Amino acid sequence: MKPIKVKLSLPVVGPLLDVIKGLADGLQSAPALPHAAPALEAEFSEMWAGDLLAAQNRDVDTFLALFGEEFFSEGAVYLNNGNAEAIVRACSAVRLCLRERFLQSVGDEALESGDIEMARLDDPTRQAFMCYLFLATMQELIIQQLDE
Amino acid sequence: MAQSKTHTLPEKRTAAALELQGLWRVVVLNDPVNLMSYVVLVFKKVFGFDESTARKHMLEVHERGRSVVWCGLREKAEAYAFTLQQWHLTTVLESDEAH
């Protein structure tokens with residue numbers, strides 16, 4: 001994929017990052033999905049889970065690295081072959097976590113269809129849903145670039 | 001001389017070998033979070049599927065709740081399951097004998 005620069009609105013994305021960073025901290029020690037290792041001996045099962053968690057941590061670190069000093073000075077993030085796949089996976093991990101932690105009240109059917117009335121959501125749920133949409137937009141952008 | 005306790009009986013060895021050599025299905029289950037385009041991307045990346053095969057499996061997951069995306073020897077099935085879980089797709093392994 002060609003390297004791309006994505007301009008983001010700092011006042012819009014800034015507050016979402018606080019929520020995302022909070023979730024990212026939790027993802028350091030727990031997988032986004034309760035992974036079921038195929039009937040393995042306990043030792044291998046632990047290795048399976050540990051390796052998945054390590055990979056998830058690398059992806060989330062790559063994602064968070066997008067929002068360093070450059071982002072806060074320029075309001076832009078840079079995507080390229082070196083970080084795109086890790087970021088798209090990290091977005092998936094954080095979205096799964098958002099659903100688990102904040103979006104249970106929305107319901108899976110509404111979440112899947114996207115048919116949600118924002119005005120009816122309370123503030124924390126609305127902010128979580130905004131994060132959920134922001135991460136989906138990032139994913140769609142990257143997927144489009146990877147497909148070209 | 002006493003035999004080592006770790007020696008395996010021939011029947012047990014055969015059963016274990018068959019279990020390892022038998023066919024295993026890699027099954028992806030639906031989730032309400034991952035985007036359709038994301039699931040298509042993952043199938044293309046992990047299995048090298050072309051666009052239409054990847055879309056077919058994605059739609060199967062979406063509409064029927066599950067899709068068998070690969071079938072073969074256990075070791076490789078485990079490797080695929082691990083990679084799909086790295087991409088945060090809900091994945092299970094099923095022995096072909098169960099069907």
# chains A, B, ... in the order shown; residues from 1 in each chain; ligands from 1

$ residues_around --residues "Ser67 of chain B" --least-positions-apart "3" --cutoff "7 Å" --atoms "only C-alpha atoms" --output "list in words"
Val27, Val28, Leu29, His57, Glu60 and Val61 of chain B

$ interface_residues --of "chain B" --to "chain A" --cutoff "9 Å" --atoms "only C-alpha atoms" --output "PyMOL selection string"
chain B and resi 31-35+37-38+41+78+81-83+85-94

$ write_last_selection --atoms "N, CA and C atoms" --output "PDB file, in the first residue's frame"
ATOM      1  N   ASP B  31     -19.532 -12.825  14.675  1.00  0.00           N
ATOM      2  CA  ASP B  31     -19.539 -11.895  15.810  1.00  0.00           C
ATOM      3  C   ASP B  31     -20.146 -10.592  15.307  1.00  0.00           C
ATOM      4  N   PRO B  32     -20.734  -9.807  16.196  1.00  0.00           N
ATOM      5  CA  PRO B  32     -21.428  -8.599  15.732  1.00  0.00           C
ATOM      6  C   PRO B  32     -20.501  -7.402  15.535  1.00  0.00           C
ATOM      7  N   VAL B  33     -19.217  -7.583  15.795  1.00  0.00           N
ATOM      8  CA  VAL B  33     -18.298  -6.433  15.834  1.00  0.00           C
ATOM      9  C   VAL B  33     -17.475  -6.282  14.550  1.00  0.00           C
ATOM     10  N   ASN B  34     -16.838  -7.349  14.120  1.00  0.00           N
ATOM     11  CA  ASN B  34     -15.912  -7.208  12.989  1.00  0.00           C
ATOM     12  C   ASN B  34     -16.639  -6.896  11.681  1.00  0.00           C
ATOM     13  N   LEU B  35     -16.104  -5.944  10.953  1.00  0.00           N
ATOM     14  CA  LEU B  35     -16.702  -5.501   9.692  1.00  0.00           C
ATOM     15  C   LEU B  35     -16.614  -6.608   8.649  1.00  0.00           C
ATOM     16  N   SER B  37     -15.930  -6.223   5.545  1.00  0.00           N
ATOM     17  CA  SER B  37     -14.730  -5.998   4.728  1.00  0.00           C
ATOM     18  C   SER B  37     -13.474  -6.481   5.460  1.00  0.00           C
ATOM     19  N   TYR B  38     -13.499  -6.387   6.790  1.00  0.00           N
ATOM     20  CA  TYR B  38     -12.364  -6.848   7.600  1.00  0.00           C
ATOM     21  C   TYR B  38     -12.244  -8.371   7.515  1.00  0.00           C
ATOM     22  N   LEU B  41     -10.865  -9.369   4.237  1.00  0.00           N
ATOM     23  CA  LEU B  41      -9.421  -9.115   4.221  1.00  0.00           C
ATOM     24  C   LEU B  41      -8.661 -10.232   4.944  1.00  0.00           C
ATOM     25  N   GLU B  78      -4.327 -26.060  13.659  1.00  0.00           N
ATOM     26  CA  GLU B  78      -4.019 -25.263  14.857  1.00  0.00           C
ATOM     27  C   GLU B  78      -3.322 -23.958  14.473  1.00  0.00           C
ATOM     28  N   ALA B  81      -5.924 -21.650  13.121  1.00  0.00           N
ATOM     29  CA  ALA B  81      -6.802 -21.165  14.201  1.00  0.00           C
ATOM     30  C   ALA B  81      -6.082 -20.074  14.996  1.00  0.00           C
ATOM     31  N   PHE B  82      -4.799 -20.304  15.260  1.00  0.00           N
ATOM     32  CA  PHE B  82      -4.016 -19.313  16.014  1.00  0.00           C
ATOM     33  C   PHE B  82      -3.959 -17.989  15.243  1.00  0.00           C
ATOM     34  N   THR B  83      -3.674 -18.089  13.955  1.00  0.00           N
ATOM     35  CA  THR B  83      -3.556 -16.856  13.153  1.00  0.00           C
ATOM     36  C   THR B  83      -4.893 -16.115  13.094  1.00  0.00           C
ATOM     37  N   GLN B  85      -7.227 -16.195  15.301  1.00  0.00           N
ATOM     38  CA  GLN B  85      -7.468 -15.590  16.621  1.00  0.00           C
ATOM     39  C   GLN B  85      -6.605 -14.342  16.817  1.00  0.00           C
ATOM     40  N   GLN B  86      -5.416 -14.355  16.203  1.00  0.00           N
ATOM     41  CA  GLN B  86      -4.586 -13.131  16.248  1.00  0.00           C
ATOM     42  C   GLN B  86      -5.303 -11.971  15.570  1.00  0.00           C
ATOM     43  N   TRP B  87      -6.117 -12.318  14.556  1.00  0.00           N
ATOM     44  CA  TRP B  87      -6.895 -11.294  13.849  1.00  0.00           C
ATOM     45  C   TRP B  87      -8.247 -11.063  14.543  1.00  0.00           C
ATOM     46  N   HIS B  88      -8.438 -11.654  15.702  1.00  0.00           N
ATOM     47  CA  HIS B  88      -9.643 -11.473  16.529  1.00  0.00           C
ATOM     48  C   HIS B  88     -10.916 -12.015  15.887  1.00  0.00           C
ATOM     49  N   LEU B  89     -10.787 -13.067  15.107  1.00  0.00           N
ATOM     50  CA  LEU B  89     -11.989 -13.762  14.638  1.00  0.00           C
ATOM     51  C   LEU B  89     -12.236 -14.939  15.579  1.00  0.00           C
ATOM     52  N   THR B  90     -13.507 -15.148  15.933  1.00  0.00           N
ATOM     53  CA  THR B  90     -13.845 -16.259  16.829  1.00  0.00           C
ATOM     54  C   THR B  90     -13.711 -17.559  16.040  1.00  0.00           C
ATOM     55  N   THR B  91     -12.747 -18.371  16.463  1.00  0.00           N
ATOM     56  CA  THR B  91     -12.387 -19.560  15.685  1.00  0.00           C
ATOM     57  C   THR B  91     -12.328 -20.795  16.572  1.00  0.00           C
ATOM     58  N   VAL B  92     -12.898 -21.872  16.092  1.00  0.00           N
ATOM     59  CA  VAL B  92     -12.794 -23.135  16.832  1.00  0.00           C
ATOM     60  C   VAL B  92     -12.297 -24.220  15.880  1.00  0.00           C
ATOM     61  N   LEU B  93     -11.755 -25.284  16.486  1.00  0.00           N
ATOM     62  CA  LEU B  93     -11.346 -26.453  15.713  1.00  0.00           C
ATOM     63  C   LEU B  93     -12.318 -27.583  16.004  1.00  0.00           C
ATOM     64  N   GLU B  94     -12.713 -28.290  14.981  1.00  0.00           N
ATOM     65  CA  GLU B  94     -13.601 -29.441  15.170  1.00  0.00           C
ATOM     66  C   GLU B  94     -12.990 -30.650  14.482  1.00  0.00           C
TER      67      GLU B  94
END

$ atom_distance --atom1 "atom CA of Gly50 of chain A" --atom2 "atom CA of Ser29 of chain A"
9.6 Å

$ closest_residue --among "B:Leu84, B:His62, B:Leu73, B:Glu97" --to "Lys45 of chain B" --atoms "only C-alpha atoms"
B:Leu84

$ residues_around --residues "Phe67 of chain A" --least-positions-apart "2" --cutoff "12 Å" --atoms "only C-alpha atoms" --output "number ranges by chain"
A: 6-8, 10, 13-14, 16-18, 20-21, 60-65, 69-79, 87

$ write_last_selection --atoms "C-alpha atoms" --output "PDB file, in the first residue's frame"
ATOM      1  CA  VAL A   6      -4.728  11.102   7.289  1.00  0.00           C
ATOM      2  CA  LYS A   7      -5.830  14.429   8.705  1.00  0.00           C
ATOM      3  CA  LEU A   8      -8.030  14.099  11.767  1.00  0.00           C
ATOM      4  CA  LEU A  10      -8.089  17.065  16.999  1.00  0.00           C
ATOM      5  CA  VAL A  13     -10.591  12.613  18.050  1.00  0.00           C
ATOM      6  CA  GLY A  14      -8.757  13.867  21.166  1.00  0.00           C
ATOM      7  CA  LEU A  16     -12.039   9.594  21.963  1.00  0.00           C
ATOM      8  CA  LEU A  17      -8.374   8.789  22.497  1.00  0.00           C
ATOM      9  CA  ASP A  18      -8.835   9.034  26.260  1.00  0.00           C
ATOM     10  CA  ILE A  20      -9.342   4.192  23.676  1.00  0.00           C
ATOM     11  CA  LYS A  21      -6.164   4.556  25.764  1.00  0.00           C
ATOM     12  CA  VAL A  60      -2.047  -2.001  20.243  1.00  0.00           C
ATOM     13  CA  ASP A  61       1.354  -0.341  20.796  1.00  0.00           C
ATOM     14  CA  THR A  62       1.640   0.255  17.036  1.00  0.00           C
ATOM     15  CA  PHE A  63      -1.839   1.795  17.034  1.00  0.00           C
ATOM     16  CA  LEU A  64      -1.121   4.068  20.006  1.00  0.00           C
ATOM     17  CA  ALA A  65       2.153   5.178  18.412  1.00  0.00           C
ATOM     18  CA  GLU A  69       3.512  14.373  19.400  1.00  0.00           C
ATOM     19  CA  GLU A  70       3.144  14.617  15.624  1.00  0.00           C
ATOM     20  CA  PHE A  71      -0.569  13.944  15.836  1.00  0.00           C
ATOM     21  CA  PHE A  72      -1.069  16.619  18.484  1.00  0.00           C
ATOM     22  CA  SER A  73       0.981  19.176  16.544  1.00  0.00           C
ATOM     23  CA  GLU A  74      -0.188  18.390  12.979  1.00  0.00           C
ATOM     24  CA  GLY A  75      -3.506  16.609  13.582  1.00  0.00           C
ATOM     25  CA  ALA A  76      -2.394  13.892  11.191  1.00  0.00           C
ATOM     26  CA  VAL A  77      -1.541  10.198  11.347  1.00  0.00           C
ATOM     27  CA  TYR A  78       0.654   8.270   8.913  1.00  0.00           C
ATOM     28  CA  LEU A  79      -0.255   4.835   7.586  1.00  0.00           C
ATOM     29  CA  ILE A  87      -3.430  -1.060  13.252  1.00  0.00           C
TER      30      ILE A  87
END

$ atom_distance --atom1 "atom CA of Met1 of chain A" --atom2 "atom CA of Met58 of chain B"
23.2 Å

$ atom_distance --atom1 "atom CA of Asn80 of chain A" --atom2 "atom CA of Met130 of chain A"
24.6 Å
